[in-house]
Structures are given as structure tokens and as C-alpha cells.
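Reproduced below: coords_4.cif, with mmCIF, C-alpha atoms and all ligand atoms.
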data_upload
#
loop_
_atom_site.group_PDB
_atom_site.id
_atom_site.type_symbol
_atom_site.label_atom_id
_atom_site.label_comp_id
_atom_site.auth_asym_id
_atom_site.auth_seq_id
_atom_site.Cartn_x
_atom_site.Cartn_y
_atom_site.Cartn_z
ATOM 1 C CA MET O 1 9.449 -5.434 8.282
ATOM 2 C CA LYS O 2 8.970 -8.953 9.734
ATOM 3 C CA ASP O 3 7.576 -7.748 13.067
ATOM 4 C CA ILE O 4 5.317 -5.066 11.572
ATOM 5 C CA ARG O 5 1.623 -5.894 12.164
ATOM 6 C CA ASN O 6 -0.180 -2.598 12.831
ATOM 7 C CA ILE O 7 0.195 0.285 10.397
ATOM 8 C CA VAL O 8 -1.162 3.848 10.711
ATOM 9 C CA ILE O 9 -0.988 6.050 7.597
ATOM 10 C CA LEU O 10 -1.545 9.836 7.738
ATOM 11 C CA SER O 11 -2.328 11.428 4.365
ATOM 12 C CA GLY O 12 -2.558 15.071 3.328
ATOM 13 C CA ALA O 13 -3.263 17.210 0.281
ATOM 14 C CA GLY O 14 -0.064 16.054 -1.442
ATOM 15 C CA ILE O 15 -1.528 12.597 -2.139
ATOM 16 C CA SER O 16 -4.349 14.185 -4.173
ATOM 17 C CA ALA O 17 -2.184 16.796 -5.948
ATOM 18 C CA GLU O 18 -1.551 14.583 -8.982
ATOM 19 C CA SER O 19 -5.306 14.057 -9.290
ATOM 20 C CA GLY O 20 -5.566 17.801 -9.895
ATOM 21 C CA ILE O 21 -6.841 18.823 -6.448
ATOM 22 C CA ASP O 22 -5.169 21.969 -5.127
ATOM 23 C CA THR O 23 -2.935 21.647 -2.113
ATOM 24 C CA PHE O 24 -3.005 24.422 0.500
ATOM 25 C CA ARG O 25 0.492 25.787 0.851
ATOM 26 C CA SER O 26 2.103 25.194 -2.553
ATOM 27 C CA GLU O 27 2.620 27.777 -5.326
ATOM 28 C CA GLY O 28 -0.886 28.936 -6.359
ATOM 29 C CA GLY O 29 -2.323 26.753 -3.588
ATOM 30 C CA LEU O 30 -5.667 27.398 -1.870
ATOM 31 C CA TRP O 31 -4.205 29.505 0.915
ATOM 32 C CA GLU O 32 -2.602 31.798 -1.678
ATOM 33 C CA ARG O 33 -5.955 32.678 -3.130
ATOM 34 C CA HIS O 34 -7.999 32.662 0.085
ATOM 35 C CA ARG O 35 -7.074 33.762 3.633
ATOM 36 C CA VAL O 36 -7.664 30.860 6.060
ATOM 37 C CA GLU O 37 -9.296 33.248 8.516
ATOM 38 C CA ASP O 38 -11.746 34.352 5.771
ATOM 39 C CA VAL O 39 -12.937 30.904 4.703
ATOM 40 C CA ALA O 40 -11.985 28.113 7.157
ATOM 41 C CA THR O 41 -12.937 29.280 10.686
ATOM 42 C CA PRO O 42 -16.292 29.374 12.555
ATOM 43 C CA GLU O 43 -15.779 33.119 12.948
ATOM 44 C CA ALA O 44 -15.500 33.536 9.152
ATOM 45 C CA PHE O 45 -18.743 31.566 8.686
ATOM 46 C CA ALA O 46 -20.547 33.805 11.197
ATOM 47 C CA ARG O 47 -19.104 36.948 9.605
ATOM 48 C CA ASP O 48 -19.644 36.158 5.885
ATOM 49 C CA PRO O 49 -21.415 32.805 5.340
ATOM 50 C CA ASP O 50 -21.817 33.402 1.582
ATOM 51 C CA LEU O 51 -18.038 33.700 1.083
ATOM 52 C CA VAL O 52 -17.451 30.467 3.037
ATOM 53 C CA LEU O 53 -20.302 28.509 1.384
ATOM 54 C CA ARG O 54 -19.154 29.587 -2.096
ATOM 55 C CA PHE O 55 -15.559 28.491 -1.243
ATOM 56 C CA TYR O 56 -16.717 24.999 -0.277
ATOM 57 C CA ASP O 57 -19.321 24.752 -3.072
ATOM 58 C CA MET O 58 -16.466 25.401 -5.536
ATOM 59 C CA ARG O 59 -14.236 22.735 -3.977
ATOM 60 C CA ARG O 60 -17.099 20.217 -3.578
ATOM 61 C CA ALA O 61 -17.887 20.523 -7.307
ATOM 62 C CA ALA O 62 -14.193 20.296 -8.261
ATOM 63 C CA ILE O 63 -13.427 17.005 -6.471
ATOM 64 C CA GLN O 64 -16.298 15.268 -8.259
ATOM 65 C CA THR O 65 -14.483 15.822 -11.576
ATOM 66 C CA LYS O 66 -11.223 14.209 -10.350
ATOM 67 C CA GLU O 67 -10.017 10.592 -10.336
ATOM 68 C CA PRO O 68 -7.972 8.686 -7.726
ATOM 69 C CA ASN O 69 -4.298 8.332 -8.749
ATOM 70 C CA ALA O 70 -1.728 5.511 -8.447
ATOM 71 C CA ALA O 71 -0.965 6.485 -4.829
ATOM 72 C CA HIS O 72 -4.626 6.169 -3.768
ATOM 73 C CA LEU O 73 -4.894 2.863 -5.683
ATOM 74 C CA ALA O 74 -1.733 1.485 -4.041
ATOM 75 C CA LEU O 75 -3.087 2.250 -0.545
ATOM 76 C CA ALA O 76 -6.404 0.609 -1.464
ATOM 77 C CA ARG O 77 -4.456 -2.509 -2.463
ATOM 78 C CA LEU O 78 -2.535 -2.411 0.833
ATOM 79 C CA ASP O 79 -5.862 -2.054 2.676
ATOM 80 C CA ALA O 80 -7.219 -5.131 0.870
ATOM 81 C CA GLU O 81 -4.128 -7.354 1.239
ATOM 82 C CA TRP O 82 -2.474 -6.306 4.536
ATOM 83 C CA PRO O 83 -3.029 -9.145 7.066
ATOM 84 C CA GLY O 84 -2.540 -6.895 10.122
ATOM 85 C CA GLU O 85 -4.244 -3.742 11.457
ATOM 86 C CA LEU O 86 -4.271 -0.749 9.102
ATOM 87 C CA LEU O 87 -5.833 2.705 9.469
ATOM 88 C CA ILE O 88 -5.643 5.468 6.857
ATOM 89 C CA VAL O 89 -6.136 8.740 8.767
ATOM 90 C CA THR O 90 -6.660 11.460 6.174
ATOM 91 C CA GLN O 91 -6.660 15.226 6.614
ATOM 92 C CA ASN O 92 -8.222 15.419 3.148
ATOM 93 C CA VAL O 93 -11.899 16.225 2.704
ATOM 94 C CA ASP O 94 -12.009 14.638 -0.783
ATOM 95 C CA ASN O 95 -13.225 11.034 -1.242
ATOM 96 C CA LEU O 96 -10.437 9.739 -3.479
ATOM 97 C CA HIS O 97 -9.224 7.129 -0.955
ATOM 98 C CA GLU O 98 -12.678 5.541 -0.961
ATOM 99 C CA ARG O 99 -13.101 5.994 -4.738
ATOM 100 C CA ALA O 100 -9.849 3.997 -5.087
ATOM 101 C CA GLY O 101 -11.420 1.203 -2.995
ATOM 102 C CA ALA O 102 -9.877 1.802 0.439
ATOM 103 C CA GLU O 103 -12.204 0.987 3.354
ATOM 104 C CA ARG O 104 -10.181 1.506 6.570
ATOM 105 C CA VAL O 105 -10.252 5.318 6.105
ATOM 106 C CA LEU O 106 -10.900 7.963 8.816
ATOM 107 C CA HIS O 107 -11.539 11.602 7.820
ATOM 108 C CA MET O 108 -10.214 13.587 10.782
ATOM 109 C CA HIS O 109 -11.066 16.953 9.136
ATOM 110 C CA GLY O 110 -14.441 15.975 7.679
ATOM 111 C CA GLU O 111 -15.714 15.424 4.123
ATOM 112 C CA HIS O 112 -16.850 17.666 1.255
ATOM 113 C CA LEU O 113 -19.603 15.253 0.253
ATOM 114 C CA LEU O 114 -21.440 15.551 3.592
ATOM 115 C CA ALA O 115 -23.595 18.459 4.818
ATOM 116 C CA TRP O 116 -23.979 19.004 8.568
ATOM 117 C CA CYS O 117 -27.270 20.378 9.898
ATOM 118 C CA THR O 118 -26.550 22.662 12.858
ATOM 119 C CA ALA O 119 -30.248 22.475 13.847
ATOM 120 C CA CYS O 120 -30.737 18.678 14.181
ATOM 121 C CA ASP O 121 -26.991 17.741 14.224
ATOM 122 C CA THR O 122 -27.341 15.127 11.450
ATOM 123 C CA ARG O 123 -25.009 14.656 8.480
ATOM 124 C CA SER O 124 -26.460 14.055 5.005
ATOM 125 C CA PRO O 125 -24.699 12.983 1.780
ATOM 126 C CA TRP O 126 -24.348 16.165 -0.320
ATOM 127 C CA THR O 127 -23.013 16.605 -3.878
ATOM 128 C CA GLY O 128 -24.708 19.916 -4.728
ATOM 129 C CA THR O 129 -24.317 23.468 -3.393
ATOM 130 C CA LEU O 130 -25.233 25.080 -0.050
ATOM 131 C CA ILE O 131 -25.139 28.788 -1.058
ATOM 132 C CA GLU O 132 -28.925 28.774 -1.758
ATOM 133 C CA ARG O 133 -29.547 27.538 1.850
ATOM 134 C CA PRO O 134 -31.381 24.301 0.958
ATOM 135 C CA PRO O 135 -33.517 22.666 3.696
ATOM 136 C CA CYS O 136 -32.008 19.852 5.775
ATOM 137 C CA PRO O 137 -33.283 16.499 4.338
ATOM 138 C CA VAL O 138 -33.998 15.347 7.941
ATOM 139 C CA CYS O 139 -35.534 18.336 9.806
ATOM 140 C CA GLY O 140 -36.230 20.783 6.983
ATOM 141 C CA GLU O 141 -34.344 23.616 8.710
ATOM 142 C CA ARG O 142 -32.179 25.806 6.442
ATOM 143 C CA ALA O 143 -29.179 25.314 8.756
ATOM 144 C CA LEU O 144 -26.721 23.260 6.684
ATOM 145 C CA ARG O 145 -22.947 23.871 6.747
ATOM 146 C CA PRO O 146 -20.017 22.002 5.117
ATOM 147 C CA ASP O 147 -19.079 18.975 7.283
ATOM 148 C CA VAL O 148 -15.430 20.026 7.519
ATOM 149 C CA VAL O 149 -13.358 20.806 10.649
ATOM 150 C CA TRP O 150 -12.418 24.464 10.634
ATOM 151 C CA PHE O 151 -9.420 25.986 12.445
ATOM 152 C CA GLY O 152 -10.189 26.179 16.156
ATOM 153 C CA GLU O 153 -12.594 23.248 15.927
ATOM 154 C CA MET O 154 -11.889 19.803 17.357
ATOM 155 C CA PRO O 155 -10.889 17.224 14.739
ATOM 156 C CA TYR O 156 -13.075 14.096 14.474
ATOM 157 C CA ARG O 157 -12.558 10.691 16.127
ATOM 158 C CA MET O 158 -9.377 11.713 17.956
ATOM 159 C CA ASP O 159 -9.787 8.845 20.472
ATOM 160 C CA GLU O 160 -9.754 6.234 17.698
ATOM 161 C CA ILE O 161 -6.695 7.893 16.161
ATOM 162 C CA TYR O 162 -4.730 7.974 19.435
ATOM 163 C CA ALA O 163 -5.746 4.340 20.138
ATOM 164 C CA ALA O 164 -4.405 3.267 16.721
ATOM 165 C CA LEU O 165 -1.194 5.281 17.259
ATOM 166 C CA ARG O 166 -0.697 3.494 20.596
ATOM 167 C CA GLU O 167 -0.804 0.069 18.829
ATOM 168 C CA ALA O 168 1.146 1.108 15.720
ATOM 169 C CA ASP O 169 4.383 -0.686 14.758
ATOM 170 C CA LEU O 170 4.737 1.552 11.702
ATOM 171 C CA PHE O 171 3.595 5.182 11.154
ATOM 172 C CA VAL O 172 3.738 6.493 7.571
ATOM 173 C CA SER O 173 3.042 10.142 6.644
ATOM 174 C CA ILE O 174 2.166 10.779 2.958
ATOM 175 C CA GLY O 175 1.821 14.162 1.183
ATOM 176 C CA THR O 176 1.556 16.451 4.177
ATOM 177 C CA SER O 177 3.563 19.558 5.138
ATOM 178 C CA GLY O 178 3.225 18.924 8.877
ATOM 179 C CA ALA O 179 1.956 22.476 9.374
ATOM 180 C CA VAL O 180 -1.388 21.759 11.027
ATOM 181 C CA TYR O 181 -1.984 20.311 14.520
ATOM 182 C CA PRO O 182 -2.907 17.940 16.075
ATOM 183 C CA ALA O 183 -2.122 15.902 12.875
ATOM 184 C CA ALA O 184 1.441 17.264 12.704
ATOM 185 C CA GLY O 185 2.090 15.857 16.192
ATOM 186 C CA PHE O 186 1.135 12.238 15.382
ATOM 187 C CA VAL O 187 4.674 11.279 14.329
ATOM 188 C CA ARG O 188 5.968 12.111 17.786
ATOM 189 C CA ASN O 189 3.069 10.266 19.460
ATOM 190 C CA ALA O 190 3.775 7.192 17.318
ATOM 191 C CA ARG O 191 7.505 7.350 17.932
ATOM 192 C CA GLU O 192 7.037 7.652 21.697
ATOM 193 C CA MET O 193 4.996 4.412 21.430
ATOM 194 C CA GLY O 194 7.909 2.655 19.682
ATOM 195 C CA ALA O 195 6.624 2.743 16.115
ATOM 196 C CA HIS O 196 8.997 2.961 13.140
ATOM 197 C CA THR O 197 8.312 6.284 11.367
ATOM 198 C CA LEU O 198 8.485 6.901 7.579
ATOM 199 C CA GLU O 199 7.831 10.100 5.604
ATOM 200 C CA LEU O 200 6.769 9.832 1.921
ATOM 201 C CA ASN O 201 6.542 13.372 0.528
ATOM 202 C CA LEU O 202 7.566 15.476 -2.469
ATOM 203 C CA GLU O 203 10.024 17.377 -0.234
ATOM 204 C CA PRO O 204 11.068 17.361 3.438
ATOM 205 C CA SER O 205 8.077 18.454 5.568
ATOM 206 C CA LYS O 206 8.205 20.801 8.574
ATOM 207 C CA GLY O 207 8.390 17.708 10.834
ATOM 208 C CA THR O 208 10.842 15.692 8.727
ATOM 209 C CA ARG O 209 13.373 15.542 11.611
ATOM 210 C CA TRP O 210 10.973 13.397 13.641
ATOM 211 C CA PHE O 211 10.975 10.612 11.041
ATOM 212 C CA GLU O 212 13.526 7.773 11.206
ATOM 213 C CA GLU O 213 13.194 7.282 7.435
ATOM 214 C CA ALA O 214 12.151 9.609 4.600
ATOM 215 C CA ARG O 215 11.696 9.118 0.856
ATOM 216 C CA HIS O 216 11.025 12.141 -1.295
ATOM 217 C CA GLY O 217 9.310 12.243 -4.690
ATOM 218 C CA PRO O 218 5.843 12.358 -6.302
ATOM 219 C CA ALA O 219 3.290 10.233 -4.422
ATOM 220 C CA THR O 220 2.289 8.339 -7.584
ATOM 221 C CA GLN O 221 5.865 7.006 -7.770
ATOM 222 C CA ILE O 222 7.040 6.526 -4.173
ATOM 223 C CA VAL O 223 3.788 5.195 -2.652
ATOM 224 C CA PRO O 224 3.216 2.232 -5.061
ATOM 225 C CA ALA O 225 6.932 1.295 -4.705
ATOM 226 C CA TRP O 226 6.632 1.321 -0.900
ATOM 227 C CA VAL O 227 3.396 -0.729 -0.947
ATOM 228 C CA ASP O 228 4.978 -3.349 -3.256
ATOM 229 C CA GLU O 229 7.878 -3.596 -0.774
ATOM 230 C CA VAL O 230 5.634 -3.955 2.267
ATOM 231 C CA LEU O 231 3.366 -6.595 0.713
ATOM 232 C CA SER O 232 6.206 -8.642 -0.742
ATOM 233 C CA ALA O 233 7.966 -8.598 2.674
ATOM 234 C CA ALA O 234 4.721 -9.759 4.320
ATOM 235 C CA SER O 235 4.125 -12.706 1.962
HETATM 236 C C1 LIG P 301 -7.624 22.204 17.029
HETATM 237 C C2 LIG P 301 -10.451 21.091 6.650
HETATM 238 C C3 LIG P 301 -8.239 22.043 19.363
HETATM 239 C C4 LIG P 301 -10.990 22.303 6.006
HETATM 240 C C5 LIG P 301 -8.363 21.698 7.790
HETATM 241 C C6 LIG P 301 -0.362 23.661 18.228
HETATM 242 C C7 LIG P 301 0.581 24.523 17.761
HETATM 243 C C8 LIG P 301 0.200 25.569 16.871
HETATM 244 C C9 LIG P 301 -1.127 25.719 16.426
HETATM 245 C C10 LIG P 301 -2.051 24.854 16.896
HETATM 246 C C11 LIG P 301 -1.681 23.842 17.800
HETATM 247 N N1 LIG P 301 -2.796 23.138 18.077
HETATM 248 C C12 LIG P 301 -3.856 23.676 17.396
HETATM 249 C C13 LIG P 301 -3.412 24.732 16.664
HETATM 250 C C14 LIG P 301 -4.241 25.570 15.801
HETATM 251 C C15 LIG P 301 -4.479 24.968 14.409
HETATM 252 C C16 LIG P 301 -3.184 24.841 13.668
HETATM 253 O O1 LIG P 301 -2.575 23.785 13.605
HETATM 254 N N2 LIG P 301 -2.792 25.966 13.059
HETATM 255 C C17 LIG P 301 -1.579 25.933 12.205
HETATM 256 C C18 LIG P 301 -1.864 26.684 10.926
HETATM 257 C C19 LIG P 301 -0.400 26.447 12.949
HETATM 258 N N3 LIG P 301 -5.143 23.663 14.495
HETATM 259 C C20 LIG P 301 -6.499 23.661 14.613
HETATM 260 O O2 LIG P 301 -7.191 24.645 14.691
HETATM 261 C C21 LIG P 301 -7.150 22.274 14.672
HETATM 262 N N4 LIG P 301 -8.073 22.206 15.768
HETATM 263 O O3 LIG P 301 -6.456 22.277 17.303
HETATM 264 O O4 LIG P 301 -8.650 22.060 17.962
HETATM 265 C C22 LIG P 301 -7.538 20.719 19.632
HETATM 266 C C23 LIG P 301 -6.244 20.668 20.148
HETATM 267 C C24 LIG P 301 -5.674 19.433 20.478
HETATM 268 C C25 LIG P 301 -6.316 18.227 20.238
HETATM 269 C C26 LIG P 301 -7.589 18.330 19.710
HETATM 270 C C27 LIG P 301 -8.192 19.579 19.369
HETATM 271 C C28 LIG P 301 -8.016 22.013 13.420
HETATM 272 C C29 LIG P 301 -7.197 22.018 12.202
HETATM 273 C C30 LIG P 301 -8.043 21.521 11.019
HETATM 274 C C31 LIG P 301 -8.380 22.668 10.072
HETATM 275 N N5 LIG P 301 -9.021 22.124 8.851
HETATM 276 N N6 LIG P 301 -8.999 21.154 6.693
HETATM 277 C C32 LIG P 301 -10.559 22.441 4.571
HETATM 278 O O5 LIG P 301 -9.987 21.496 3.999
HETATM 279 O O6 LIG P 301 -10.856 23.515 4.036
HETATM 280 S S1 LIG P 301 -6.636 21.780 7.809
HETATM 281 C C33 LIG P 301 -6.164 21.604 6.140
HETATM 282 O O7 LIG P 301 -4.887 22.186 6.078
HETATM 283 C C34 LIG P 301 -5.976 20.163 5.706
HETATM 284 O O8 LIG P 301 -6.968 19.307 6.177
HETATM 285 C C35 LIG P 301 -4.602 19.835 6.288
HETATM 286 O O9 LIG P 301 -4.717 19.412 7.611
HETATM 287 C C36 LIG P 301 -3.917 21.175 6.259
HETATM 288 C C37 LIG P 301 -3.089 21.261 5.033
HETATM 289 O O10 LIG P 301 -2.000 20.542 5.206
HETATM 290 P P1 LIG P 301 -1.531 19.450 4.095
HETATM 291 O O11 LIG P 301 -2.633 18.499 3.832
HETATM 292 O O12 LIG P 301 -0.257 18.960 4.587
HETATM 293 O O13 LIG P 301 -1.356 20.323 2.751
HETATM 294 P P2 LIG P 301 -0.190 21.388 2.413
HETATM 295 O O14 LIG P 301 -0.615 22.064 1.179
HETATM 296 O O15 LIG P 301 0.166 22.186 3.622
HETATM 297 O O16 LIG P 301 1.102 20.454 2.108
HETATM 298 C C38 LIG P 301 1.062 19.553 1.029
HETATM 299 C C39 LIG P 301 2.326 18.702 1.156
HETATM 300 O O17 LIG P 301 2.288 17.736 0.108
HETATM 301 C C40 LIG P 301 3.619 19.519 0.995
HETATM 302 O O18 LIG P 301 4.566 19.090 1.972
HETATM 303 C C41 LIG P 301 4.107 19.148 -0.429
HETATM 304 O O19 LIG P 301 5.518 19.053 -0.480
HETATM 305 C C42 LIG P 301 3.522 17.755 -0.590
HETATM 306 N N7 LIG P 301 3.219 17.440 -1.994
HETATM 307 C C43 LIG P 301 2.733 18.272 -2.962
HETATM 308 N N8 LIG P 301 2.565 17.580 -4.121
HETATM 309 C C44 LIG P 301 2.943 16.281 -3.870
HETATM 310 C C45 LIG P 301 3.341 16.186 -2.504
HETATM 311 N N9 LIG P 301 3.772 15.035 -1.937
HETATM 312 C C46 LIG P 301 3.829 13.932 -2.751
HETATM 313 N N10 LIG P 301 3.440 13.946 -4.077
HETATM 314 C C47 LIG P 301 3.010 15.093 -4.663
HETATM 315 N N11 LIG P 301 2.661 15.081 -5.943
#
How does the structure come out when it is put into C-alpha cells?
Amino acid sequence: MKDIRNIVILSGAGISAESGIDTFRSEGGLWERHRVEDVATPEAFARDPDLVLRFYDMRRAAIQTKEPNAAHLALARLDAEWPGELLIVTQNVDNLHERAGAERVLHMHGEHLLAWCTACDTRSPWTGTLIERPPCPVCGERALRPDVVWFGEMPYRMDEIYAALREADLFVSIGTSGAVYPAAGFVRNAREMGAHTLELNLEPSKGTRWFEEARHGPATQIVPAWVDEVLSAAS
């Protein structure tokens, strides 16, 4: 731990599971009840916008009734106390990292609580619904869509992510199945750059073989324990 200065953390749906937010691939998960190609692709939005807008209106409402858990709070503490570089790259579109107090957070797949106007290309804070086609607060056009990255679309701020991976001494993946790219490839990028790699997940992920170290269990247990370890080693 002594020579660890720069940390990159990748989080997925598993870190928010114990806050009551559905994951995608687990028993009864989102992708069991909805076909990805029906609700999370630009083609689906063109084909049946009501189905897609209702899907995201439902999830946007749901996350606003949930609270950050001990794993989110532990990462917020690490963000506040870690003396070196730290970047929390999340695949999650919920805002529980920020609600827990974390600041160095990057949403590579977008955010539920933003609406993107496809007419004037601005993003506006949004807590309500989009199904009724409300006007854009900036240009007035009724051209708002969820500000999330759908399959086949380019994730956000990839340059910043690759730059942080290049400088990372430690790459930690939390609560993700490693099923979706380019996020699932970050462990190999980090490893090629000489970073130590650690998986914290309920069970081995699809990419578990790429990690030098893995700890398995509920995020609310294994993440606070790991953060205590890291901060006590740093002091
Ligand atoms: C792109 C936003 C071009 C919307 C999402 C290479 C090979 C094969 C395919 C591809 C490839 N490159 C690109 C593709 C295509 C595709 C892809 O990966 N398809 C997969 C299905 C094979 N990727 C794309 O289309 C991406 N765009 O590639 O553009 C490009 C190429 C190169 C470089 C730049 C651009 C865009 C993908 C983004 C799609 N949008 N989300 C929304 O949320 O609705 S993806 C969405 O699903 C999430 O954001 C997340 O990324 C993914 C779900 O994964 P997880 O978060 O891991 O959740 P999951 O349920 O799967 O797993 C939960 C894990 O937690 C489990 O392991 C479980 O054990 C664990 N867990 C559960 N409970 C707990 C726990 N752990 C701890 N504690 C607990 N309590």
C-alpha cells in the first residue's frame, strides 16, 4: 500500500443493490423484466419512445426514494481523506455516490436526474417525468430524452477515464458483473499500465481472472473494511 498514490474505482449496480435499486442481471433484475433492445438503445427510442420514456420515468422516480448505503458512505470518506489522486468512475445512473458526499465521481453512462435536449444539446436537472413531452427549459422544444448512454452509444468522458487509468497505481472494481464494454475492459487497461487490481463483488465477475486480488461479499461489508485498511495504511 505504501507506494499507492493514484486510485481509480469502477462501480456498478451491485454497490446500489443494498439501497434497494435493482441490478440488471440478477434474479428478478431489470433485464429480466425488460429486453435491453426494447428499452436501452437509440433504435428502441425511435421505434417506441413511450415504452422507453416510461421505463426511465419509473427508474428516475424510484432512485429518489432510496438512500446511500455503507458502501457509498465509505467511498465518500475515502474521497474526503485520501491524500492522492482518486476517481470514482460509475456505470450507475443513480446519484447515491454524490448523496453520500463523494465529489470525485464520473458518470460514464449518464444520470437519471438529467434530461438531454436533442434540439439544443443542453442538459437540465430533471426529477419529474418525460412521458408527457415537457418543453426544454432552455429552448422550449419538446425534444427531451433521458441523459443516459444507451447500447451502441459512446460512453461519456472516455479520455478522462483512460488518462486516470494510465496514472493509476490501484484499480478497484466494485459491484459490477464485467458484462458491458468498454467498462469491462478497464481492468486490463489498468493492469497493462502496472496498476494493482482488486475486485470487490458479491461473487466472481465475468472478468475476475484479470484481477490480482478479489474479495467477495456484500458491498456494505467488504467496501468499508477495505477503505478502513487503505486509510489506516496511508496515515
Ligand atoms: C459502446 C445506462 C462504442 C442505461 C448502460 C466489446 C465486446 C462485446 C460487446 C461490445 C464491445 N464493445 C461494445 C460492445 C457493445 C456493448 C456491450 O458491452 N454489450 C454487452 C451486453 C456485451 N457496449 C456498448 O454498447 C457501449 N457503447 O461500446 O460504444 C465504443 C466502443 C469502444 C470505446 C468507446 C465506445 C455502451 C454501454 C452502456 C449501456 N448503458 N447503462 C441504463 O442504466 O439503463 S449499461 C448498464 O448495464 C449499466 O450502466 C452497467 O454498465 C451494465 C450493468 O452492469 P453492472 O452494473 O455490472 O450490473 P449487473 O446487474 O450486470 O451486475 C451486478 C453485479 O453486482 C453482479 O456481479 C453481482 O454479483 C454484484 N452484486 C449484486 N449485489 C451486490 C453485488 N456486489 C456487492 N454487493 C451486493 N450487495
Note to self: Could you list, as a list in words, every residue within 9 Å of segment 52-65 of chain O, counting all atoms listed in the file and ignoring same-chain residues fewer than 2 positions away?
What the structure shows: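 Here the answer would be Gly20, Ile21, His34, Asp38, Val39, Ala40, Thr41, Ala44, Phe45, Asp48, Pro49, Asp50, Glu67, Asp94, Asn95, Leu96, His112, Leu113, Trp126, Thr127, Gly128, Thr129, Leu130, Ile131, Arg145 and Pro146 of chain O.
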Next item on the list: Using only C-alpha atoms and all ligand atoms, find each protein or nucleic acid residue lying at most 6 Å from ligand LIG 301 (chain P); present the set as a PyMOL selection string.
Entry: chain O and resi 12-15+17-18+23-26+40+91-93+109+148-155+175-182+201-203+205+218-219
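You will find atom CA of Ala80 of chain O at 26.5 Å from atom CA of Glu212 of chain O.
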Margin query: So the first atom is atom CA of Ala74 of chain O and the second is atom CA of Gln221 of chain O; what is the distance between them in Å, to one decimal place?
Written below: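 Taking atom CA of Ala74 of chain O and atom CA of Gln221 of chain O, their separation equals 10.1 Å.
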Centre, x/y/z edge lengths, axis-aligned box for segment 142-153 of chain O with 5 Å per side, as AutoDock Vina command-line options:
--center_x -20.8 --center_y 22.6 --center_z 10.6 --size_x 32.8 --size_y 17.2 --size_z 21.0
Margin query: Under the rule that all atoms listed in the file are counted, which of O:Gly207, O:Leu170, O:Arg215, O:Ser19 is the nearest residue to Gly194 of chain O?
Written below: O:Leu170
Margin query: For segment 70-72 of chain O, find every residue with an atom within 9 Å (counting only C-alpha atoms), except residues of its own chain fewer than 4 positions away, and show them as a list in words.
Written below: Ile15, Ser16, Ala76, Arg77, Leu96, His97, Glu98, Arg99, Ala100, Gly101, Ala102, Ala219, Thr220, Gln221, Ile222, Val223 and Pro224 of chain O
When you look at Glu199 of chain O with a cut-off of 7 Å (counting all atoms listed in the file), what residues show up, excluding the ones that are within fewer than 2 positions of it in the same chain? I need them as a PDB file with C-alpha atoms, in the frame of the given file.
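Written file, result_29.pdb:
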ATOM      1  CA  VAL O 172       3.738   6.493   7.571  1.00  0.00           C
ATOM      2  CA  SER O 173       3.042  10.142   6.644  1.00  0.00           C
ATOM      3  CA  ILE O 174       2.166  10.779   2.958  1.00  0.00           C
ATOM      4  CA  THR O 197       8.312   6.284  11.367  1.00  0.00           C
ATOM      5  CA  ASN O 201       6.542  13.372   0.528  1.00  0.00           C
ATOM      6  CA  PHE O 211      10.975  10.612  11.041  1.00  0.00           C
ATOM      7  CA  GLU O 213      13.194   7.282   7.435  1.00  0.00           C
ATOM      8  CA  ALA O 214      12.151   9.609   4.600  1.00  0.00           C
ATOM      9  CA  ARG O 215      11.696   9.118   0.856  1.00  0.00           C
TER      10      ARG O 215
END
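Relative to atom CA of Ile161 of chain O, atom CA of Glu111 of chain O is found at 16.8 Å.
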Checklist line | Picked residues, the PyMOL selection byres (((chain O and resi 160) around 12) and not hetatm), as a list in words | finding: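 Residues picked by the PyMOL selection byres (((chain O and resi 160) around 12) and not hetatm): Val8, Leu87, Ile88, Val89, Val105, Leu106, His107, Met108, Pro155, Tyr156, Arg157, Met158, Asp159, Ile161, Tyr162, Ala163, Ala164, Leu165, Arg166 and Glu167 of chain O.
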Next item on the list: Quick one: apply the PyMOL selection byres (((chain O and resi 121-123) around 9) and not hetatm) to the file and drop the selected residues here as a list of chain:residue names.
Entry: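 Here the PyMOL selection byres (((chain O and resi 121-123) around 9) and not hetatm) matches O:Leu114, O:Ala115, O:Trp116, O:Cys117, O:Thr118, O:Ala119, O:Cys120, O:Ser124, O:Pro125, O:Trp126, O:Cys136, O:Val138, O:Cys139, O:Leu144, O:Asp147.
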Note to self: Please list, as an MDAnalysis selection string, the residues that have an atom at most 6 Å away from (5.4, 3.1, 17.8) in the coordinates of this file, counting only C-alpha atoms.
What the structure shows: chainID O and resid 168:169 190:191 193:196
Once the PyMOL selection byres (((chain O and resi 5) around 7) and not hetatm) has been applied to the shown file, what residues remain in the selection, as a short mmCIF file (atom, residue, chain, number, x, y, z; two decimals) with C-alpha atoms, in the frame of the given file?
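Saved as selection02.cif:
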data_model
loop_
_atom_site.label_atom_id
_atom_site.label_comp_id
_atom_site.auth_asym_id
_atom_site.auth_seq_id
_atom_site.Cartn_x
_atom_site.Cartn_y
_atom_site.Cartn_z
CA ASP O 3 7.58 -7.75 13.07
CA ILE O 4 5.32 -5.07 11.57
CA ASN O 6 -0.18 -2.60 12.83
CA ILE O 7 0.20 0.28 10.40
CA GLY O 84 -2.54 -6.90 10.12
CA GLU O 85 -4.24 -3.74 11.46
CA ASP O 169 4.38 -0.69 14.76
#
